[in-house]
Amino acid sequence: MADSSFDIVSKIDRQEADNALNQAVKEIQTRYDFKNTGAEIKWSGEWGVEITANADERALAILDVFKDKLIKRGISLKSLEEGEPRQSGKDVKINCTFGEGISQEQAKKVSKLIRDEGPKGVKVQIQGDELRVTSKKRDDLQEVIALLKGADLDFAVQFTNYR
């Protein structure tokens with residue numbers, strides 16, 4: 001019988017991120033504490049988000065609203081990298097970016113974790129910005145998934161192509 005396998009990836013569903021941003025925009029437009037303050041949140045490039053407000057506290061409040069919408073949409077906050085509030089003329093801006101893919105050092109950290117704490121006979125291969133985990137037993141793969149869900153990784157992971 002062939003080995004079973006799955007992939008460990010770090011991807012963001014662009015449509016869900018877009019929905020979260022649109023929901024945040026609607027909430028900002030209707031909330032009384034943001035009325036007539038020039039507060040806004042919008043896409044800035046492919047994976048960037050720009051928050052603009054007239055005060056640091058308002059910009060951070062918009063960021064909190066956006067984070068709340070991301071959580072409700074099932075997007076991990078570990079994939080969102082926030083910048084510091086910075087003055088831009090009269091406004092305060094915060095730039096955020098979504099990080100996708102697993103870097104080489106993160107991949108090495110995950111494969112070492114699986115080798116050290118995972119079941120015996122599980123093989124891990126680094127394939128670009130994702131990892132392929134293979135084993136003869138599906139139960140071992142389930143154990144690896146449980147191990148990674150319980151681990152405190154500093155990036156978001158998803159499991160795909162389970163077969």
# chains A, B, ... in the order shown; residues from 1 in each chain; ligands from 1
>>> residues_around(residues="segment 140-151 of chain A", least_positions_apart="6", cutoff="12 Å", atoms="only C-alpha atoms", output="VMD selection string")
chain A and resid 3 to 9 109 to 124 132 to 134 157 to 160 162 to 163
>>> residues_around(residues="segment 73-81 of chain A", least_positions_apart="4", cutoff="12 Å", atoms="only C-alpha atoms", output="PyMOL selection string")
chain A and resi 9-24+47-50+63-64+66-69+94-102+152-158
>>> atom_distance(atom1="atom CA of Arg86 of chain A", atom2="atom CA of Asp56 of chain A")
8.2 Å
>>> atom_distance(atom1="atom CA of Glu105 of chain A", atom2="atom CA of Gln127 of chain A")
12.8 Å
>>> select_by_dssp(residues="chain A", states="strand (DSSP E or B)", output="PyMOL selection string")
chain A and resi 4-9+40-43+48-53+80-82+86-88+91-98+123-127+130-135+158-160
>>> closest_atom_pairs(of="segment 46-163 of chain A", to="segment 30-34 of chain A", cutoff="12 Å", atoms="only C-alpha atoms", output="tab-separated table")
residue	atom	partner	partner_atom	distance
A:Thr52	CA	A:Phe34	CA	11.3
A:Ala53	CA	A:Phe34	CA	8.7
A:Asn54	CA	A:Phe34	CA	9.8
A:Ala55	CA	A:Phe34	CA	10.8
A:Glu57	CA	A:Asp33	CA	11.1
A:Arg58	CA	A:Phe34	CA	7.7
A:Ala59	CA	A:Phe34	CA	10.0
A:Ala61	CA	A:Phe34	CA	9.5
A:Ile62	CA	A:Phe34	CA	8.9
A:Val65	CA	A:Arg31	CA	10.9
>>> write_last_selection(atoms="C-alpha atoms", output="PDB file, in the first residue's frame")
ATOM      1  CA  THR A  52      -5.858  56.061   8.146  1.00  0.00           C
ATOM      2  CA  ALA A  53      -7.298  58.084  11.048  1.00  0.00           C
ATOM      3  CA  ASN A  54      -6.837  61.483  12.683  1.00  0.00           C
ATOM      4  CA  ALA A  55      -5.431  60.073  15.986  1.00  0.00           C
ATOM      5  CA  GLU A  57      -6.146  55.747  19.317  1.00  0.00           C
ATOM      6  CA  ARG A  58      -8.622  55.807  16.403  1.00  0.00           C
ATOM      7  CA  ALA A  59      -6.163  54.064  14.075  1.00  0.00           C
ATOM      8  CA  ALA A  61      -9.353  51.027  17.205  1.00  0.00           C
ATOM      9  CA  ILE A  62      -9.796  50.483  13.444  1.00  0.00           C
ATOM     10  CA  VAL A  65     -12.157  46.132  14.378  1.00  0.00           C
TER      11      VAL A  65
END
>>> atom_distance(atom1="atom CA of Gly83 of chain A", atom2="atom CA of Ile71 of chain A")
18.9 Å
>>> select_by_dssp(residues="chain A", states="helix (DSSP H, G or I)", output="number ranges by chain")
A: 14-30, 32-34, 56-72, 77-79, 104-117, 138-150
